[in-house]
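Worksheet: one structure, shown below.
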Amino acid sequence: MSSSLLAGAFFAALAYTLIPGPAFLALLGIGAGQGRQAGAFFMGGHLAGDVLWSGLALVAIIGAKTVGTTLFDILGVFCGLYLGWIGWSALRAKPKGDGGALVTVEKPLRRGLIFGLTNPKGYPVALATFTALLASSADALDFSALPLLLAVSLIGFLTADLVLIGVIGAGVVRRFYRKHERVIVRLSGLLFIGFAVQALWHSAPGLFGYRRA
């Protein structure tokens with residue numbers, strides 16, 4: 001298996017976790033209000049959802065490749081458009097920034113588990129992110145690679161979780177987020193658009209009979 005494929009799986013998992021979204025904002029609220037331990041429990045529960053949705057996304061991507069590259073290219077285009085829509089929505093979003101009191105979560109582990117498994121955006125975002133970063137190595141994808149890809153993705157998830165747990169709960173983080181909430185949302189939108197361009201760059205040419213090396 002190529003190093004670019006493994007790197008793509010790792011960074012897809014890393015980006016899936018670190019790019020601000022519903023789970024990121026929930027973690028920020030819990031960590032800022034209840035400290036790192038509560039945030040760590042939340043992320044520990046949420047990891048189950050991360051693994052589930054990324055696993056289903058990889059199965060869908062590999063299955064599309066097994067059926068044929070055309071289907072994979074169509075999948076990549078739709079995922080690229082989806083990521084672009086998320087990014088554009090973030091660029092136009094109007095954060096509340098009302099400074100309201102943070103809600104206390106009594107059982108953050110259970111909250112994270114439920115949040116991760118029921119997040120309606122979990123699968124499409126995982127599918128879009130993994131497709132964007134694995135499209136360049138589409139020819140090397142098959143089901144024999146699935147266990148290793150999942151293992152590398154798990155390392156990516158754990159790495160991202162450690163990064164987030166390491167910074168949440170600090171007063172400076174809470175104050176920084178509240179002060180720069182609009183900028184953070186805008187930057188996350190630009191990241192999604194970047195992934196959209198990556199997905200379209202590798203997938204769209206294949207629909208016209210041209211495949212990038």
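Residue names in the structure tokens use chain letters A, B, ... in the order shown, residue numbers from 1 in each chain, and ligand numbers from 1 in the order shown.
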
Write out as a PyMOL selection string each polymer residue whose atoms come within 12 Å of A:Leu158, counting only C-alpha atoms; drop sequence neighbours fewer than 3 positions from it.
-> chain A and resi 10-11+13-18+40+43-44+46-48+50-51+151-155+161-165

Would you list the contacts of stretch 115-132 of chain A as a list in words, taking every protein, DNA or RNA residue within 6 Å and counting only C-alpha atoms, but skipping same-chain residues closer than 6 positions in sequence?
->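 So, after excluding close chain neighbours, the residues are Ala12, His46, Gly49, Trp53, Ser54, Ala57, Gly76, Cys79, Phe195, Gln198 and Ala199 of chain A.
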
Find the distance between atom CA of A:Gly45 and atom CA of A:Leu6 and write it in Å to one decimal.
->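 Atom CA of A:Gly45 sits 25.0 Å away from atom CA of A:Leu6.
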
With only C-alpha atoms as the basis for distance, which of A:Ile19, A:Ala170, A:Leu148, A:Ala26 is at the shortest distance from A:Arg186?
->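 Going through A:Ile19, A:Ala170, A:Leu148, A:Ala26 one by one, the smallest distance to A:Arg186 is for A:Ile19.
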
Work out how far atom CA of A:Phe157 is from atom CA of A:Glu106, in Å to one decimal.
-> 24.3 Å

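Checking A:Ser144, A:Leu200, A:Pro108, A:Gly189 one by one against A:Gly35, counting only C-alpha atoms, you find the shortest gap at A:Pro108.
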
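Closest approach to A:Phe24 among A:Asp142, A:Trp201, A:Ile184, A:Ile193 is made by A:Ile184 (distances from only C-alpha atoms).
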
A:Leu28 surroundings by only C-alpha atoms, 8 Å radius, close-in-sequence under 2 positions cut, as a list in words =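 Final neighbour list, sorted by chain and number: Phe24, Leu25, Ala26, Ile30, Gly31, Ala32, Gly39, Ile168, Gly169 and Arg174 of chain A.
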
One-decimal distance in Å that lies between atom CA of A:Leu27 and atom CA of A:Gly112 |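 Result for atom CA of A:Gly112 versus atom CA of A:Leu27: 8.8 Å, one decimal.
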
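Between A:Ser4 and the candidates A:Ile114, A:Leu134, A:Leu83, A:Leu91, the tightest atom-to-atom separation, counting only C-alpha atoms, involves A:Leu134.
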
Closest to A:Gln34 among A:Ala160, A:Ala90, A:Ile62, A:Val105, using only C-alpha atoms?
-> A:Val105
